[in-house]
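Below is one structure, written out as structure tokens; the observations come after it.
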Amino acid sequence: MEFFLLVLLLLAIIGLSSFINHFSPYIPVPLIQIALGVLLVSLPLGIHIPMEPELFFVLFIAPLLFHDGKNVSRQALWKLRKPILLLALGLVFVTVFAVGYLIHWLIPSIPSPAAFALAAILSPTDVVAVGAISSRVKIPKTIMHVLEGEGLMNDASGLVAFKFAVAATVTGAFSLAEASWSFLVISIGGLAGGSILAFLIIRLKISIRRLGMEDVTIHMLIQLLTPFVIFYIIEHFHLSGILSVVAAGIVHTICRDRDQSPAMQLQVVSQSTWTVLIYILNGLVFVLLGLQIPSVLSEIIKDPLFNNWVVSKYIMVITAALLLLRFLWVWTALQWGSLFKKQPQRPSIKYCSIITVSGVRGAVTLAGAFTIPYVLADGSPFPERSLIIFIAAGVILVTLIAASIFLPILAKTEKENIEELKVEMETSARLRTIDAAIQSIREMMNDDNRGAAVTVITAYNQIRNQLTNAKGENSEKLKLAETEIRMQALDAEAYYVEQLHKSGRIDRDTLYVTEEHIQRMRLAVTNRMHYRRLFFWSLMKRGLYRLLRLLSPKNTERLKGRQLKAKKLIQLKVNMAKAAIQYLKEHMTPENEHIYLVILGEYNDMMMKFKLAKKSADPRQYTEWKREFRAKAFQAERDEIQNLYEEGEINTDVLRKIRKQINIREAYWMEEKSVHTH
């Protein structure tokens, strides 16, 4: 029962971290989760969760890397294979030797093999931490692909180097040839083993499906168990379990792309399940990291043999050395033209700095450090084990804080006019929210509620047109295009009426009335003198025709049929609107859709009003549909703006401003609705 309550408490902390981050967006979620973990273990609740590295790797690292392997761009991995290998292999081994010698020189009490072990466990970056930090920062896609590829590959190289360094410390023996051969066997064996097992599991799922078992639950269960099973089996053969789950994820993606008939329900369930699972596992990684820090700190702080200030200086110097070495390595690679194709003659300091600061160390480093044995082969204590774990934890915190502070600064777009950038960001975000609202309405639209749906979409398209064409020449072009399309729609109405008159389906009086209506609309659309003259001429023709009718002896009979004729006229206007709509639909293209939809919406709204005037439709039902569409659209706007904020596309100021605009529009709509209701 206590374990169950502890799990619930950890999950509640993850939810709380997201809540805090919502109101403190400048503090990354990982730091909030670490801080909450430290706070939780510091409270007098008797909570203590020991770090079990083997369990940690299989329970957290395996599914996280499997998921990243499934979602990473294979084309980007292959295209950027050189820079990824340079960072994941070359930089790791350079870090082991260079930083290892620095640690031994800085702290003589740590022997060389143990110093190399510490450097090795500090060398891999944490793909989970990088992803969490970069989620709010707009890092260039090429750099992000390099960082993802590095994070997927360097865990294996760092952990293998760490394993041999620890073995050399424990036994006092080390063979470079043996270590190199073992590294190749472990890495290639892990990649091959993971790929083979993933392929076999996929074939198993296909066989189950061929047997007629399309149960989503069974297939989802197999998918969830895949990373744990593969990691455990590969590690059992002393190969790289980390590389095996990465390879398995990539193989799953390849097979999914080639599957021509995947179960749609399974895809939906899979995506939803993995989203929740990854959110929980990501949070637990950093909360557990925070739970370990107080015990690591207290062991060093309370030890009289260590000067706390000196130990803190060790952490800062080692972190600075790691970042400097990373910067120099990336700079050199850029200088040689190995990182990016079409690289300018001089490498970009900004790009080098982003890749450098993104080298965040995370839970893999701390979990690996906890695997250091307590004693050597001769029974003596492992030299400075507590200090090594303390330094590892300190470097993790410093790199996380450095990335949180400097990445947003480095990743900012360099533009002379900051206000211009802010306006562009806000405009782009508003367009995205409007598109999301329109899409949500289209998903609900059917034949019965189409009129109400198009009315609401029209309102959004009008806002969209104002945003996309708010400046100068573009605005004038839009007005001219909109005017031209409206005139063509009116021409379609006029042609329809003329055809009715020629075929004898309407009389001359009705023709004059509709011509007057069309000319009035033309005059409203454009202020040209040509249409003014046509309008006055239609008025004169209608006046003369009415005068002749008044002198006619059949005037009484025509007065009796006036009410019936009014209803027929309404139906005629509905048919005219349908003719215009048909014309607009036939001439609408993806390029001019945003203009056509506005005019289509106006015609649909007009038709609905005509129908309500005839009392052939229930106005309450129409109003209810509009209410549902607007409510759905407002929610879609809020969801989209929150997603943009979480993805780092907009800052807090833009988020608050657009939310305020949404709230104001919703308040006006609610007020309008209450007036019409009462």
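Lettering and numbering for the structure tokens are positional, with chains as A, B, ... in the shown order, residues counted from 1 in each chain, and ligands counted from 1 in the shown order.
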Next on the checklist: At a cut-off of 12 Å, using only C-alpha atoms, what residues contact Ala402 of chain A? Leave out same-chain residues fewer than 2 positions from it and give the result as a PyMOL selection string.
Outcome noted: chain A and resi 27-28+31+133+316+319-320+323+353-354+356-361+395-400+404-410
Save out the residues we just selected, C-alpha atoms, as a PDB file, in the first residue's frame.
ATOM      1  CA  ILE A  27      11.757  27.732 -15.864  1.00  0.00           C
ATOM      2  CA  PRO A  28      12.068  24.461 -17.809  1.00  0.00           C
ATOM      3  CA  LEU A  31      14.381  21.829 -13.362  1.00  0.00           C
ATOM      4  CA  ILE A 133      14.911  21.873 -22.695  1.00  0.00           C
ATOM      5  CA  MET A 316      32.452  24.322 -12.221  1.00  0.00           C
ATOM      6  CA  THR A 319      31.697  21.541 -16.492  1.00  0.00           C
ATOM      7  CA  ALA A 320      33.574  24.410 -18.135  1.00  0.00           C
ATOM      8  CA  LEU A 323      31.668  22.675 -22.659  1.00  0.00           C
ATOM      9  CA  SER A 353      27.396  27.713 -29.178  1.00  0.00           C
ATOM     10  CA  ILE A 354      23.898  26.204 -29.541  1.00  0.00           C
ATOM     11  CA  THR A 356      27.709  23.257 -27.111  1.00  0.00           C
ATOM     12  CA  VAL A 357      25.126  24.490 -24.603  1.00  0.00           C
ATOM     13  CA  SER A 358      22.724  21.746 -25.704  1.00  0.00           C
ATOM     14  CA  GLY A 359      25.166  19.141 -24.398  1.00  0.00           C
ATOM     15  CA  VAL A 360      23.046  18.577 -21.288  1.00  0.00           C
ATOM     16  CA  ARG A 361      23.914  15.699 -18.979  1.00  0.00           C
ATOM     17  CA  VAL A 395      27.592  18.645 -13.556  1.00  0.00           C
ATOM     18  CA  ILE A 396      24.045  17.508 -14.417  1.00  0.00           C
ATOM     19  CA  LEU A 397      22.533  20.456 -12.533  1.00  0.00           C
ATOM     20  CA  VAL A 398      24.974  23.031 -13.917  1.00  0.00           C
ATOM     21  CA  THR A 399      24.476  21.913 -17.548  1.00  0.00           C
ATOM     22  CA  LEU A 400      20.706  21.913 -17.120  1.00  0.00           C
ATOM     23  CA  SER A 404      17.901  26.821 -19.538  1.00  0.00           C
ATOM     24  CA  ILE A 405      19.519  30.271 -19.371  1.00  0.00           C
ATOM     25  CA  PHE A 406      21.621  30.456 -22.522  1.00  0.00           C
ATOM     26  CA  LEU A 407      19.698  28.375 -25.099  1.00  0.00           C
ATOM     27  CA  PRO A 408      16.761  30.835 -25.340  1.00  0.00           C
ATOM     28  CA  ILE A 409      19.284  33.658 -25.795  1.00  0.00           C
ATOM     29  CA  LEU A 410      21.394  31.865 -28.407  1.00  0.00           C
TER      30      LEU A 410
END
Checklist entry - Between atom CA of Val92 of chain A and atom CA of Gly158 of chain A, what is the distance, to one decimal in Å? => result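 Distance between the two atoms: 6.3 Å.
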Checklist entry - Any idea what's packed within 7 Å of Thr365 of chain A, counting only C-alpha atoms, ignoring anything in its chain fewer than 3 positions away? Could you give it as a list of chain:residue names? => result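 The residues satisfying every condition are A:Ile121, A:Leu122, A:Arg361, A:Gly362, A:Gly368, A:Ala369, A:Ala392.
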Write the selection just made, keeping C-alpha atoms, as a PDB file, in the first residue's frame?
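Okay, this is what ended up in out19.pdb:
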ATOM      1  CA  ILE A 121      30.024   8.777 -17.550  1.00  0.00           C
ATOM      2  CA  LEU A 122      29.994  12.575 -18.054  1.00  0.00           C
ATOM      3  CA  ARG A 361      23.914  15.699 -18.979  1.00  0.00           C
ATOM      4  CA  GLY A 362      20.997  13.865 -17.424  1.00  0.00           C
ATOM      5  CA  GLY A 368      25.715   5.126 -14.445  1.00  0.00           C
ATOM      6  CA  ALA A 369      27.614   6.742 -11.584  1.00  0.00           C
ATOM      7  CA  ALA A 392      28.332  13.792 -11.632  1.00  0.00           C
TER       8      ALA A 392
END
Checklist entry - Please, which residues of segment 111-220 of chain A, numbered as in this document, come out helix (DSSP H, G or I) from DSSP, as a VMD selection string? => result chain A and resid 112 to 122 127 to 134 141 to 171 176 to 210 216 to 220
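Using only C-alpha atoms for every distance, the candidate list A:Leu243, A:Leu322, A:Val99, A:Leu467 yields A:Leu467 as the residue closest to Val423 of chain A.
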Contact residues around Lys578 of chain A with only C-alpha atoms at 10 Å, ignoring same-chain residues under 6 positions, as a JSON list (two decimals) with N, CA and C atoms, in the first residue's frame:
[["chain", "number", "residue", "atom", "x", "y", "z"],
["A", 492, "ALA", "N", -23.33, 35.69, -62.10],
["A", 492, "ALA", "CA", -23.94, 34.36, -62.14],
["A", 492, "ALA", "C", -25.41, 34.43, -61.73],
["A", 493, "GLU", "N", -25.73, 35.30, -60.74],
["A", 493, "GLU", "CA", -27.13, 35.49, -60.34],
["A", 493, "GLU", "C", -27.93, 36.11, -61.49],
["A", 496, "TYR", "N", -28.66, 33.65, -64.23],
["A", 496, "TYR", "CA", -29.69, 32.69, -63.82],
["A", 496, "TYR", "C", -31.08, 33.31, -63.99],
["A", 572, "LEU", "N", -37.06, 32.65, -55.04],
["A", 572, "LEU", "CA", -36.22, 32.99, -56.18],
["A", 572, "LEU", "C", -34.85, 33.48, -55.72],
["A", 584, "LEU", "N", -19.22, 29.81, -57.56],
["A", 584, "LEU", "CA", -18.05, 30.00, -56.70],
["A", 584, "LEU", "C", -17.34, 28.68, -56.44],
["A", 600, "LEU", "N", -18.71, 32.71, -50.01],
["A", 600, "LEU", "CA", -19.62, 31.56, -49.88],
["A", 600, "LEU", "C", -20.37, 31.60, -48.56],
["A", 603, "TYR", "N", -23.21, 34.10, -48.69],
["A", 603, "TYR", "CA", -24.36, 33.57, -49.44],
["A", 603, "TYR", "C", -25.12, 32.52, -48.63],
["A", 604, "ASN", "N", -24.39, 31.65, -47.95],
["A", 604, "ASN", "CA", -25.05, 30.64, -47.12],
["A", 604, "ASN", "C", -25.84, 31.28, -45.99],
["A", 607, "MET", "N", -28.97, 32.73, -47.47],
["A", 607, "MET", "CA", -29.95, 31.68, -47.76],
["A", 607, "MET", "C", -30.67, 31.24, -46.50]]
Tell me, as a compact mmCIF listing (two decimals) with N, CA and C atoms, in the first residue's frame, which residues lie within 12 Å of segment 3-20 of chain A, counting only C-alpha atoms; anything in the same chain fewer than 3 positions away does not count.
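Once everything was written out, this is selection-v3.txt:
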# COMPACT_ATOMS: atom_id res chain seq x y z
N PHE A 23 2.54 28.65 -15.34
CA PHE A 23 2.58 30.02 -14.83
C PHE A 23 4.01 30.56 -14.70
N SER A 24 5.01 29.69 -14.84
CA SER A 24 6.42 30.11 -14.82
C SER A 24 7.12 29.51 -16.03
N PRO A 25 6.77 29.95 -17.21
CA PRO A 25 7.27 29.29 -18.43
C PRO A 25 8.76 29.42 -18.65
N TYR A 26 9.39 30.40 -17.99
CA TYR A 26 10.83 30.58 -18.21
C TYR A 26 11.66 29.54 -17.47
N ILE A 27 11.05 28.80 -16.57
CA ILE A 27 11.76 27.73 -15.86
C ILE A 27 11.40 26.42 -16.55
N PRO A 28 12.37 25.72 -17.11
CA PRO A 28 12.07 24.46 -17.81
C PRO A 28 11.47 23.41 -16.88
N VAL A 29 10.63 22.56 -17.43
CA VAL A 29 9.98 21.51 -16.65
C VAL A 29 10.98 20.60 -15.94
N PRO A 30 12.10 20.17 -16.58
CA PRO A 30 13.04 19.30 -15.87
C PRO A 30 13.56 19.90 -14.57
N LEU A 31 13.88 21.19 -14.59
CA LEU A 31 14.38 21.83 -13.36
C LEU A 31 13.30 21.89 -12.29
N ILE A 32 12.06 22.15 -12.70
CA ILE A 32 10.96 22.17 -11.73
C ILE A 32 10.77 20.78 -11.13
N GLN A 33 10.84 19.74 -11.95
CA GLN A 33 10.67 18.38 -11.46
C GLN A 33 11.81 17.96 -10.54
N ILE A 34 13.03 18.35 -10.87
CA ILE A 34 14.16 18.06 -9.98
C ILE A 34 13.98 18.77 -8.64
N ALA A 35 13.58 20.04 -8.70
CA ALA A 35 13.37 20.81 -7.46
C ALA A 35 12.26 20.19 -6.61
N LEU A 36 11.17 19.76 -7.24
CA LEU A 36 10.08 19.12 -6.48
C LEU A 36 10.55 17.79 -5.88
N GLY A 37 11.40 17.05 -6.61
CA GLY A 37 11.96 15.81 -6.06
C GLY A 37 12.82 16.08 -4.85
N VAL A 38 13.65 17.12 -4.92
CA VAL A 38 14.49 17.50 -3.77
C VAL A 38 13.62 17.91 -2.59
N LEU A 39 12.58 18.70 -2.87
CA LEU A 39 11.67 19.15 -1.81
C LEU A 39 10.95 17.97 -1.16
N LEU A 40 10.52 17.02 -1.98
CA LEU A 40 9.77 15.87 -1.46
C LEU A 40 10.63 15.03 -0.51
N VAL A 41 11.87 14.75 -0.91
CA VAL A 41 12.72 13.90 -0.07
C VAL A 41 13.23 14.66 1.15
N LEU A 45 8.84 12.98 5.69
CA LEU A 45 7.85 11.95 5.36
C LEU A 45 8.47 10.56 5.33
N GLY A 46 9.78 10.51 5.50
CA GLY A 46 10.46 9.21 5.48
C GLY A 46 10.54 8.59 4.11
N ILE A 47 10.49 9.43 3.06
CA ILE A 47 10.55 8.91 1.69
C ILE A 47 12.00 8.71 1.27
N HIS A 48 12.31 7.52 0.82
CA HIS A 48 13.65 7.22 0.31
C HIS A 48 13.54 6.16 -0.78
N ILE A 49 13.92 6.54 -1.98
CA ILE A 49 13.88 5.61 -3.11
C ILE A 49 15.31 5.41 -3.59
N VAL A 276 0.97 9.57 -23.36
CA VAL A 276 0.81 9.58 -21.90
C VAL A 276 2.00 8.90 -21.22
N LEU A 277 2.42 7.75 -21.77
CA LEU A 277 3.52 6.99 -21.16
C LEU A 277 4.81 7.79 -21.16
N ILE A 278 5.15 8.41 -22.29
CA ILE A 278 6.39 9.19 -22.39
C ILE A 278 6.34 10.40 -21.47
N TYR A 279 5.17 11.03 -21.37
CA TYR A 279 5.02 12.17 -20.46
C TYR A 279 5.31 11.76 -19.02
N ILE A 280 4.78 10.61 -18.62
CA ILE A 280 4.99 10.12 -17.25
C ILE A 280 6.44 9.72 -17.03
N LEU A 281 7.01 8.96 -17.98
CA LEU A 281 8.39 8.48 -17.81
C LEU A 281 9.38 9.64 -17.81
N ASN A 282 9.18 10.60 -18.71
CA ASN A 282 10.05 11.79 -18.71
C ASN A 282 10.02 12.49 -17.36
N GLY A 283 8.81 12.67 -16.83
CA GLY A 283 8.68 13.33 -15.53
C GLY A 283 9.32 12.53 -14.41
N LEU A 284 9.10 11.22 -14.40
CA LEU A 284 9.66 10.37 -13.34
C LEU A 284 11.19 10.38 -13.36
N VAL A 285 11.79 10.44 -14.55
CA VAL A 285 13.25 10.47 -14.66
C VAL A 285 13.82 11.65 -13.86
N PHE A 286 13.25 12.83 -14.06
CA PHE A 286 13.79 14.02 -13.41
C PHE A 286 13.37 14.11 -11.94
N VAL A 287 12.17 13.63 -11.61
CA VAL A 287 11.77 13.61 -10.20
C VAL A 287 12.67 12.66 -9.41
N LEU A 288 12.94 11.48 -9.96
CA LEU A 288 13.84 10.53 -9.30
C LEU A 288 15.26 11.09 -9.19
N GLY A 290 15.92 14.22 -8.81
CA GLY A 290 15.84 15.14 -7.67
C GLY A 290 15.82 14.42 -6.33
N LEU A 291 15.20 13.23 -6.29
CA LEU A 291 15.15 12.46 -5.05
C LEU A 291 16.54 11.98 -4.62
N GLU A 646 3.90 25.64 -25.97
CA GLU A 646 4.67 24.50 -25.48
C GLU A 646 5.76 24.08 -26.46
Item to check | Interatomic distance, atom CA of Leu43 of chain A to atom CA of Ile61 of chain A (Å, one decimal) | outcome: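 It comes out at 28.0 Å.
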